[in-house]
Every structure is written in structure tokens, then in C-alpha cells.
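For reference, the structure discussed in these notes is given below.
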Amino acid sequence: MAKILLVDDEITMVQMVTELFRSEGHEVFPFTNCNAAIEGLETVSPELVITDLYLDKTRAHGLEILAKARSLSPPPVVIMITAFGSIETAVEAMKKGAYDYLEKPFKLDELKLCVQRALSYNVAITENVYLRKQLRKKYQFSQIIGTAAKMQEVFKMVERVADCDSTILILGESGTGKELVARALHFNSRRQSAPFVPVNCSALPESLLESELFGHRKGAFTGAISDKKGLFQEADGGTIFLDEIGSMSPMLQSRLLRVLQEREVRRVGDNLPVYVNVRVLAATNEPLEERIKEGTFREDLYYRINVIPITLPSLRERVDDIPLLVSHFLKEKTHPRLGQPYQMTREAMEVLCAHDWPGNVRELENAIERACTLCESNIIQVHDLPPILHGYASKSSSDTVIETRPGAPPQTLVVLSESLYPLSITDAKQNHSSSSVSHAPAPAPEPIGALKTFLKDQELAYLNRALAQAAGDKEKAAAMLGVSLATLYRKLSEEETV
Ligand SMILES: Nc1ncnc2c1ncn2[C@@H]1O[C@H](COP(=O)(O)OP(=O)(O)OP(=O)(O)O)[C@@H](O)[C@H]1O
Ligand SMILES: [Mg+2]
């Protein structure tokens with residue numbers, strides 16, 4: 001239900017409309033005076049404003065209320081009520097951002113309908129603003145994780161070229177983050193409020209892809225029942241991302257080359273060029289030089305798109321980044337039943353670092369997702385990881401005793417001897433250079449660190465065991481540990497800040 005601010009100098013009208021919308025469950029704030037209404041806009045923050053355009057014959061107060069409403073963040077939708085003869089001013093109000101106007105006299109049903117439409121419009125706008133904010137957040141450069149030297153090179157390049165208009169070719173094996181980088185480039189450029197249009201060039205047969213990319217005129221081929229804009233036009237002002245460009249047919253390659261050279265597209269069945277202002281990003285996991293030698297990829301197109309290449313390393317080449325990526329993927333997750341953030345045993349982390357990840361970051365992300373779904377406590381252990389990884393578990397894994405307390409439900413699995421990997425991003429960052437985790441199937445013995453750190457780790461593991469056994473009930477866990485609830489809270493918060 002919405003907050004509606006209503007402004008009219010006709011008392012009977014105000015009463016009628018107020019009653020109507022209150023009976024529908026909305027909160028209505030009625031005003032008969034312009035200044036009070038303007039103040040009310042600030043205090044009420046309504047989703048919708050219905051205002052008479054002229055509160056007296058001399059001044060279009062409605063325009064002042066509209067101006068104030070438009071200055072709010074988020075701005076409410078405004079419906080103008082106009083008397084006969086004030087259409088011109090109503091049109092002016094529309095130009096200044098009013099959503100609609102109704103001419104007096106009107107039926108209450110007309111007003112109801114207009115309000116319904118305005119409120120759904122408002123919901124759509126609010127959602128859109130929220131989603132764009134989320135997208136911007138999601139594709140900040142800081143969301144691309146990696147500290148390896150090759151990733152540092154990528155970051156340097158990405159930040160340098162985000163805001164220019166050059167064509168960029170993003171190279172890398174499957175799952176290395178090519179699309180993530182393309183989106184980050186777009187959402188960190190001045191094109192960010194215009195569309196980002198991804199196109200998978202390998203997903204469609206040649207003729208379909210051609211009309212998808214460039215559009216078509218009605219009747220251009222059987223089935224072209226109306227004019228259609230192509231994706232290049234849809235992306236106008238923004239970015240088009242041509243994914244898997246290596247699988248584009250030679251005919252489409254030459255059409256694309258023309259678009260890149262002339263910055264204009266021609267729809268299928270149409271000779272009229274349409275100018276487009278689009279930044280082109282392309283990606284491939286195929287070796288394009290080999291395609292050129294084979295004669296399946298045009299060399300001139302290669303030089304056009306390869307203005308600035310960015311090569312993403314495979315995960316095998318940056319094993320030290322695995323703990324950091326794991327922290328990133330677990331960061332905002334909590335165990336659905338226990339409500340606790342996830343933890344991971346050192347052994348599970350070692351196993352993750354020993355795998356060679358042919359599917360790169362995507363495969364790792366899926367493995368973590370799977371572990372979170374299958375994990376009965378909030379501590380991820382080797383047996384929660386995909387079976388293909390179990391073979392990497394070290395011989396010493398027989399030390400890892402996982403016990404189910406007799407009579408206890410199966411979810412109270414207790415890790416007896418595995419210690420936990422410190423998972424916060426900062427910990428992982430500090431850790432990764434001197435990480436105890438190596439790429440060898442049988443990990444080297446852990447280097448000796450300060451005794452204090454070891455004891456803290458042990459304490460945290462023990463606190464977590466207690467919490468897991470108490471199914472997340474801190475009071476119960478404190479009782480089991482023989483400490484007060486306050487002490488448990490203090491210890492947990494100390495661990496967070498370590
Ligand atoms: N450096 C990274 N930091 C955080 N997440 C990453 C990183 N690289 C990849 N990812 C995540 O891994 C998944 C796969 O990434 P993406 O789709 O960008 O890969 P791709 O190279 O386009 O793969 P493909 O070639 O198969 O299309 C995504 O969920 C992405 O968010
Ligand atoms: Mg991709």
C-alpha cells in the first residue's frame with residue numbers, strides 16, 4: 001500500500017478522494033494549501049502525489065509542487081488535476097516530469113485507474129534503480145578477486161581502459177572471468193547507464209545471428225513479419241559484448257568488420273545505414289591466430305578487435321588465489337539452519353588447492369556452492385567437496401576424525417582434529433603468500449607460526465564445535481563450554497577482529 005499526498009483547494013473533492021483511497025488501504029495525506037503541501041512532501045516522502053494544477057486562479061501552484069517532488073530522492077510520481085482550459089499548462093507539467101494529468105470533471109474510476117498505473121510505474125522505476133545499483137556494486141573492480149602477478153597486470157589494464165572507447169579482446173580459458181571483466185569494464189565506464197548487451201556468437205546459426213545483431217526489415221526473409229532492431233542498435237550508447245567471437249562465420253565476420261570500420265549498421269533487407277554509438281568488447285577461449293592460419297578467422301578483423309588484448313590466467317596459474325576466491329564466494333553466505341557464517345577446514349582448503357581446475361573459477365564457485373548446500377554444519381570439510389577432489393586428501397587425513405555423537409541427530413557432526421582455515425578476506429590475503437596450502441597433492445608440513453595464533457585458531461575451532469553441537473544456540477554453547485554468555489560473545493568478537 002502506498003503513501004499518497006493529495007493537494008486540492010476544493011474541500012469536498014479532497015474528502016471524496018481521501019476516503020476513496022483510504023478505503024483501498026492507502027495512507028492519504030490531504031492538503032489544501034501549497035506551502036503546507038511542499039513541507040508535507042519532505043516529511044511524508046510519498047510514493048504518489050495527486051495535485052490540482054491551480055489552487056487559485058493566479059498561480060500554477062501545481063508546478064511548484066511538481067518541482068519540489070522531482071527534487072526528492074526517490075522522486076514520487078505526480079498526477080496533475082487540471083480544470084477546463086488549462087491543458088497547455090498540463091502539457092508543460094508533463095514535460096517537467098509529471099506522470100499524467102486528468103481533466104476535471106472526471107469520474108472516480110478514471111482517477112483510480114490512473115493511480116493504479118502510476119503506482120505500478122513507480123514500483124518498476126524503484127526496482128530498476130535498485131537493480132542498477134546492485135549491478136554497479138556487483139561489477140566493481142574490487143569484486144574481481146586475485147592477487148597473483150598475472151591478475152595484477154589484468155587489473156592495471158582494466159582500470160586503464162575502462163573509460164576509453166577502444167575495442168577490447170578478452171582472452172582466457174572457459175570460466176576464467178571473461179564476462180565478469182567485460183561487465184566490469186562497462187559498469188565502470190561513462191556508458192554505465194546505457195545497456196550492456198551480451199551476445200553469444202556460438203549459440204545461434206549464422207542467419208539468425210545476423211538478424212539478431214543487425215536487425216531486419218519486414219519481409220526480408222520468410223518469418224520476418226515485422227521490422228526488428230538489431231542488438232547493435234539496442235546497445236546504442238552502451239556496450240555490446242561479442243562472446244565466443246572465434247565461432248563467428250566468415251560472412252558475419254565481414255559484416256562485423258564493416259560495422260567496426262564505419263560505425264553504422266544495415267538491417268537485413270535494408271540498404272539504409274543506421275549510425276550506432278556502441279563500444280565493442282569481444283571474448284574468446286579459442287586461439288585466434290591458429291584460426292587465421294586455418295583460414296577460418298579474418299586477419300583484418302583480428303587486428304580490428306585486438307586493439308587492446310586482456311588475457312586472463314587460468315586458475316592453475318594462480319593457485320595462491322584459491323583461498324581468497326573461496327573467502328569471496330563464502331563471504332555473504334550463512335548456513336540456512338544454523339545462521340552461522342561458513343568455515344572451512346585446512347584440509348579442505350588444501351584439497352581445493354591441489355586440484356587443477358580445468359573449469360577454472362566457475363568450477364571452483366560451483367564446488368563451493370555445492371559444499372554449502374550439502375554441508376550439515378557450517379564447517380566445510382573434504383567430504384563436502386565434489387568426489388573428484390577426494391583423491392587429493394592427504395594420507396594424514398586419517399587423522400581427521402569426524403564423529404556423530406551417539407543418539408544425536410546426524411547434523412551434529414563434530415570435527416575433532418581438523419583445524420580451521422582462517423577465512424576472512426584479509427586473513428586469506430595475508431596468508432596466501434606464506435600459505436601453508438600448496439599445489440602438491442601431499443602438502444608440505446605447516447610452517448610454525450606464533451604460539452598465540454595457534455592457540456587462537458584452536459580456541460576458535462573449539463568454540464565453533466560447541467556452536468555446531470548446540471545448533472547455533474549461543475546460550476547452550478556457553479553452558480557447554482563452562483563460560484558465561486558474555487565471555488562467549490567477547491571471544492567470538494575477538495576472533496572476528498583478529
Ligand atoms: N577473478 C574472479 N573473481 C571473482 N569471481 C570470478 C572471477 N573470475 C570468474 N569469476 C566468477 O566465475 C564465474 C565464471 O566467470 P565468467 O562467466 O566471467 O567466465 P568466462 O571466462 O566468461 O567463461 P566462459 O568462457 O565459459 O564463458 C562467474 O560466476 C564469475 O563471477
Ligand atoms: Mg563467458
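A note on labels: chains of the C-alpha cells are A, B, ... as shown, every chain counts residues from 1, and ligands are counted from 1 in their shown order.
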Taking only residues of chain A that have an atom at most 9 Å from an atom of ligand 2, what is each one's shortest atom pair and its distance in Å to one decimal, using only C-alpha atoms and all ligand atoms, in chain and number order, as a Markdown table?
```
| residue | atom | partner | partner_atom_place_in_ligand_line | distance |
| --- | --- | --- | --- | --- |
| A:Ser174 | CA | ligand 2 | 1 (Mg) | 6.9 |
| A:Gly175 | CA | ligand 2 | 1 (Mg) | 6.7 |
| A:Thr176 | CA | ligand 2 | 1 (Mg) | 8.3 |
| A:Gly177 | CA | ligand 2 | 1 (Mg) | 7.0 |
| A:Lys178 | CA | ligand 2 | 1 (Mg) | 5.6 |
| A:Glu179 | CA | ligand 2 | 1 (Mg) | 4.8 |
| A:Leu180 | CA | ligand 2 | 1 (Mg) | 7.9 |
| A:Asn200 | CA | ligand 2 | 1 (Mg) | 8.2 |
| A:Asp243 | CA | ligand 2 | 1 (Mg) | 6.4 |
| A:Glu244 | CA | ligand 2 | 1 (Mg) | 7.6 |
| A:Ala283 | CA | ligand 2 | 1 (Mg) | 7.6 |
| A:Thr284 | CA | ligand 2 | 1 (Mg) | 8.2 |
| A:Asn285 | CA | ligand 2 | 1 (Mg) | 8.9 |
```
Please produce a file of those selected residues containing C-alpha atoms, as an mmCIF file, in the first residue's frame.
```
data_model
loop_
_atom_site.group_PDB
_atom_site.id
_atom_site.type_symbol
_atom_site.label_atom_id
_atom_site.label_comp_id
_atom_site.auth_asym_id
_atom_site.auth_seq_id
_atom_site.Cartn_x
_atom_site.Cartn_y
_atom_site.Cartn_z
ATOM 1 C CA SER A 174 36.488 -21.156 -20.064
ATOM 2 C CA GLY A 175 35.421 -19.901 -16.614
ATOM 3 C CA THR A 176 38.360 -17.525 -16.078
ATOM 4 C CA GLY A 177 36.106 -14.472 -15.749
ATOM 5 C CA LYS A 178 35.964 -13.021 -19.282
ATOM 6 C CA GLU A 179 32.329 -11.954 -18.972
ATOM 7 C CA LEU A 180 32.938 -10.637 -15.448
ATOM 8 C CA ASN A 200 26.912 -15.454 -27.519
ATOM 9 C CA ASP A 243 31.284 -13.595 -26.591
ATOM 10 C CA GLU A 244 32.932 -16.584 -28.315
ATOM 11 C CA ALA A 283 35.955 -12.557 -25.910
ATOM 12 C CA THR A 284 37.156 -15.960 -26.931
ATOM 13 C CA ASN A 285 38.749 -19.059 -25.468
#
```
(request) Run DSSP on the backbone and grab whatever in stretch 205-349 of chain A lands in alpha helix (DSSP H); send it over as a PyMOL selection string. (result) chain A and resi 206-214+231-234+250-262+288-294+299-305+322-330+346-349
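Excluding A:Ile245 itself and any same-chain residue fewer than 4 positions from it, the protein and nucleic acid residues within 10 Å of it, counting only C-alpha atoms, are A:Leu169, A:Val199, A:Asn200, A:Cys201, A:Ser202, A:Phe241, A:Ser249, A:Gln253, A:Leu281, A:Ala282, A:Ala283, A:Thr284, A:Asn285, A:Glu286, A:Leu288, A:Phe297, A:Ile305.
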N, CA and C atoms of the current selection, written as a PDB file, in the first residue's frame:
```pdb
ATOM      1  N   LEU A 169      39.747  -7.110 -26.653  1.00  0.00           N
ATOM      2  CA  LEU A 169      39.592  -8.557 -26.819  1.00  0.00           C
ATOM      3  C   LEU A 169      40.013  -9.228 -25.515  1.00  0.00           C
ATOM      4  N   VAL A 199      26.187 -11.009 -26.322  1.00  0.00           N
ATOM      5  CA  VAL A 199      25.717 -11.870 -27.409  1.00  0.00           C
ATOM      6  C   VAL A 199      26.643 -13.076 -27.469  1.00  0.00           C
ATOM      7  N   ASN A 200      26.076 -14.269 -27.373  1.00  0.00           N
ATOM      8  CA  ASN A 200      26.912 -15.454 -27.519  1.00  0.00           C
ATOM      9  C   ASN A 200      26.924 -15.863 -28.991  1.00  0.00           C
ATOM     10  N   CYS A 201      28.073 -15.621 -29.655  1.00  0.00           N
ATOM     11  CA  CYS A 201      28.124 -15.825 -31.103  1.00  0.00           C
ATOM     12  C   CYS A 201      28.074 -17.300 -31.490  1.00  0.00           C
ATOM     13  N   SER A 202      28.271 -18.196 -30.530  1.00  0.00           N
ATOM     14  CA  SER A 202      28.274 -19.616 -30.907  1.00  0.00           C
ATOM     15  C   SER A 202      26.895 -20.232 -30.679  1.00  0.00           C
ATOM     16  N   PHE A 241      28.814  -6.969 -26.081  1.00  0.00           N
ATOM     17  CA  PHE A 241      29.861  -7.932 -25.711  1.00  0.00           C
ATOM     18  C   PHE A 241      29.705  -9.159 -26.610  1.00  0.00           C
ATOM     19  N   SER A 249      30.799 -16.921 -38.198  1.00  0.00           N
ATOM     20  CA  SER A 249      31.035 -17.380 -39.570  1.00  0.00           C
ATOM     21  C   SER A 249      31.756 -16.296 -40.371  1.00  0.00           C
ATOM     22  N   GLN A 253      31.697 -12.267 -40.039  1.00  0.00           N
ATOM     23  CA  GLN A 253      32.938 -11.556 -39.715  1.00  0.00           C
ATOM     24  C   GLN A 253      33.103 -10.343 -40.623  1.00  0.00           C
ATOM     25  N   LEU A 281      33.185  -5.011 -27.087  1.00  0.00           N
ATOM     26  CA  LEU A 281      34.094  -5.872 -26.341  1.00  0.00           C
ATOM     27  C   LEU A 281      33.908  -7.272 -26.912  1.00  0.00           C
ATOM     28  N   ALA A 282      34.996  -8.015 -27.075  1.00  0.00           N
ATOM     29  CA  ALA A 282      34.864  -9.367 -27.612  1.00  0.00           C
ATOM     30  C   ALA A 282      35.642 -10.318 -26.718  1.00  0.00           C
ATOM     31  N   ALA A 283      35.226 -11.570 -26.724  1.00  0.00           N
ATOM     32  CA  ALA A 283      35.955 -12.557 -25.910  1.00  0.00           C
ATOM     33  C   ALA A 283      36.027 -13.876 -26.649  1.00  0.00           C
ATOM     34  N   THR A 284      37.053 -14.619 -26.358  1.00  0.00           N
ATOM     35  CA  THR A 284      37.156 -15.960 -26.931  1.00  0.00           C
ATOM     36  C   THR A 284      38.063 -16.832 -26.065  1.00  0.00           C
ATOM     37  N   ASN A 285      37.803 -18.149 -26.104  1.00  0.00           N
ATOM     38  CA  ASN A 285      38.749 -19.059 -25.468  1.00  0.00           C
ATOM     39  C   ASN A 285      39.477 -19.862 -26.537  1.00  0.00           C
ATOM     40  N   GLU A 286      39.311 -19.409 -27.816  1.00  0.00           N
ATOM     41  CA  GLU A 286      39.999 -20.117 -28.911  1.00  0.00           C
ATOM     42  C   GLU A 286      41.253 -19.346 -29.302  1.00  0.00           C
ATOM     43  N   LEU A 288      42.917 -17.478 -31.677  1.00  0.00           N
ATOM     44  CA  LEU A 288      42.502 -16.877 -32.950  1.00  0.00           C
ATOM     45  C   LEU A 288      43.604 -16.918 -34.009  1.00  0.00           C
ATOM     46  N   PHE A 297      39.316 -17.483 -39.625  1.00  0.00           N
ATOM     47  CA  PHE A 297      39.092 -16.181 -38.983  1.00  0.00           C
ATOM     48  C   PHE A 297      39.827 -15.101 -39.766  1.00  0.00           C
ATOM     49  N   ILE A 305      39.810  -6.046 -33.759  1.00  0.00           N
ATOM     50  CA  ILE A 305      39.296  -6.287 -32.402  1.00  0.00           C
ATOM     51  C   ILE A 305      40.409  -6.436 -31.369  1.00  0.00           C
TER      52      ILE A 305
END
```
Residues near stretch 70-82 of chain A, cut-off 6 Å, only C-alpha atoms, skip fewer than 4 positions along chain, as a PDB file with C-alpha atoms, in the first residue's frame:
```pdb
ATOM      1  CA  GLU A  47       5.215   7.427  -3.430  1.00  0.00           C
ATOM      2  CA  LEU A  48       2.476   9.333  -5.260  1.00  0.00           C
ATOM      3  CA  VAL A  49       1.312  12.953  -5.415  1.00  0.00           C
ATOM      4  CA  ILE A  50      -2.090  13.985  -6.784  1.00  0.00           C
ATOM      5  CA  THR A  51      -2.218  17.752  -7.106  1.00  0.00           C
ATOM      6  CA  ASP A  52      -4.547  20.297  -8.558  1.00  0.00           C
ATOM      7  CA  LEU A  53      -2.678  22.485 -11.055  1.00  0.00           C
ATOM      8  CA  ALA A  98       4.523  14.778 -14.271  1.00  0.00           C
ATOM      9  CA  TYR A  99       3.404  11.195 -14.934  1.00  0.00           C
ATOM     10  CA  ASP A 100      -0.115  12.013 -16.212  1.00  0.00           C
ATOM     11  CA  TYR A 101      -2.938  14.507 -15.952  1.00  0.00           C
ATOM     12  CA  LEU A 102      -6.699  14.242 -15.522  1.00  0.00           C
ATOM     13  CA  GLU A 103      -9.112  16.872 -16.673  1.00  0.00           C
ATOM     14  CA  LYS A 104     -11.904  17.980 -14.355  1.00  0.00           C
TER      15      LYS A 104
END
```
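Using only C-alpha atoms and all ligand atoms, the nearest neighbour of ligand 1 within the list A:Leu66, A:Met151, A:Ala468, A:Val44 is A:Met151.
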(message) I'd like the contact shell of A:Phe106 - 12 Å cut-off, only C-alpha atoms, skipping same-chain residues fewer than 6 positions apart - returned as a list of chain:residue names.
(response) A:Met13, A:Val17, A:Ile81, A:Thr82, A:Ala83, A:Phe84, A:Lys112, A:Leu113, A:Cys114
Can you write out the residues you just picked, keeping N, CA and C atoms, as a short mmCIF file (atom, residue, chain, number, x, y, z; two decimals), in the first residue's frame?
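selection17.cif was written with the following content:
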```
data_model
loop_
_atom_site.label_atom_id
_atom_site.label_comp_id
_atom_site.auth_asym_id
_atom_site.auth_seq_id
_atom_site.Cartn_x
_atom_site.Cartn_y
_atom_site.Cartn_z
N MET A 13 -13.87 17.77 -2.73
CA MET A 13 -13.04 16.92 -3.60
C MET A 13 -11.98 16.18 -2.75
N VAL A 17 -11.77 12.05 -2.41
CA VAL A 17 -10.61 11.30 -2.89
C VAL A 17 -9.89 10.62 -1.71
N ILE A 81 -4.17 17.39 -11.68
CA ILE A 81 -5.59 17.55 -11.94
C ILE A 81 -5.75 18.94 -12.55
N THR A 82 -6.38 19.01 -13.72
CA THR A 82 -6.48 20.31 -14.38
C THR A 82 -7.94 20.67 -14.61
N ALA A 83 -8.19 21.98 -14.56
CA ALA A 83 -9.54 22.44 -14.88
C ALA A 83 -9.62 22.68 -16.38
N PHE A 84 -10.83 22.79 -16.88
CA PHE A 84 -11.03 23.06 -18.29
C PHE A 84 -10.23 24.31 -18.69
N LYS A 112 -8.95 6.30 -10.17
CA LYS A 112 -8.45 5.04 -9.59
C LYS A 112 -7.49 4.33 -10.56
N LEU A 113 -7.94 4.29 -11.83
CA LEU A 113 -7.14 3.61 -12.84
C LEU A 113 -5.79 4.31 -13.04
N CYS A 114 -5.88 5.62 -13.09
CA CYS A 114 -4.66 6.42 -13.30
C CYS A 114 -3.68 6.18 -12.13
#
```
(request) Go through stretch 42-237 of chain A and collect every residue that DSSP, computed from the backbone, puts in strand (DSSP E); the answer should be as a ChimeraX atom specification. (result) /A:48-52,77-82,100-103,168-171,196-200,215-216,228-229
Could those selected residues go to a file with C-alpha atoms, as a compact mmCIF listing (two decimals), in the first residue's frame?
```txt
# COMPACT_ATOMS: atom_id res chain seq x y z
CA LEU A 48 2.48 9.33 -5.26
CA VAL A 49 1.31 12.95 -5.42
CA ILE A 50 -2.09 13.99 -6.78
CA THR A 51 -2.22 17.75 -7.11
CA ASP A 52 -4.55 20.30 -8.56
CA VAL A 77 5.12 10.04 -9.30
CA VAL A 78 2.92 13.07 -9.82
CA ILE A 79 -0.60 13.17 -11.28
CA MET A 80 -1.93 16.62 -12.17
CA ILE A 81 -5.59 17.55 -11.94
CA THR A 82 -6.48 20.31 -14.38
CA ASP A 100 -0.11 12.01 -16.21
CA TYR A 101 -2.94 14.51 -15.95
CA LEU A 102 -6.70 14.24 -15.52
CA GLU A 103 -9.11 16.87 -16.67
CA ILE A 168 38.96 -4.87 -26.29
CA LEU A 169 39.59 -8.56 -26.82
CA ILE A 170 39.36 -10.59 -23.62
CA LEU A 171 41.18 -13.90 -23.82
CA PHE A 196 25.29 -3.77 -21.71
CA VAL A 197 24.26 -6.29 -24.36
CA PRO A 198 25.95 -9.71 -24.29
CA VAL A 199 25.72 -11.87 -27.41
CA ASN A 200 26.91 -15.45 -27.52
CA GLY A 215 18.08 -6.36 -37.22
CA HIS A 216 15.86 -6.86 -40.26
CA LYS A 228 13.21 -5.59 -35.93
CA LYS A 229 16.01 -3.60 -34.31
```
(message) Report as number ranges by chain all protein, DNA and RNA residues lying within 8 Å of A:Arg267, evaluated on only C-alpha atoms, omitting residues in the same chain fewer than 2 positions from it.
(response) A: 211, 214-217, 229-230, 265, 269-273
Take the selection from the previous step and output its residues with C-alpha atoms, as an mmCIF file, in the first residue's frame.
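Saved as out27.cif:
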```
data_model
loop_
_atom_site.group_PDB
_atom_site.id
_atom_site.type_symbol
_atom_site.label_atom_id
_atom_site.label_comp_id
_atom_site.auth_asym_id
_atom_site.auth_seq_id
_atom_site.Cartn_x
_atom_site.Cartn_y
_atom_site.Cartn_z
ATOM 1 C CA SER A 211 19.329 -10.690 -37.900
ATOM 2 C CA PHE A 214 21.908 -6.167 -37.217
ATOM 3 C CA GLY A 215 18.079 -6.362 -37.220
ATOM 4 C CA HIS A 216 15.861 -6.864 -40.264
ATOM 5 C CA ARG A 217 13.178 -5.211 -42.355
ATOM 6 C CA LYS A 229 16.009 -3.596 -34.309
ATOM 7 C CA GLY A 230 19.310 -5.437 -34.037
ATOM 8 C CA VAL A 265 24.729 -0.987 -39.236
ATOM 9 C CA GLY A 269 16.841 -6.423 -46.295
ATOM 10 C CA ASP A 270 17.613 -2.718 -45.910
ATOM 11 C CA ASN A 271 20.263 -0.556 -47.548
ATOM 12 C CA LEU A 272 19.790 2.395 -45.269
ATOM 13 C CA PRO A 273 22.678 2.658 -42.789
#
```
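The environment of A:Asp321 within 7 Å, counting only C-alpha atoms and disregarding residues fewer than 2 places along the same chain, consists of Gly146, Thr147, Ala148, Arg318, Val319, Pro323, Leu324, Leu325 and His432 of chain A.
Compared by their closest atoms to A:Leu312, and using only C-alpha atoms, the residues A:Gly172, A:Gly482, A:Pro30, A:Pro386 rank with A:Gly172 nearest.
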(message) Restricting the calculation to only C-alpha atoms: of A:Ala367, A:Leu467, A:Ile145, A:Cys375, which residue gets closest to A:Ile388?
(response) A:Ala367
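Counting only C-alpha atoms and all ligand atoms and comparing A:Ala90, A:Leu111, A:Ala60, A:Val154, the residue that lies closest to ligand 1 is A:Val154.
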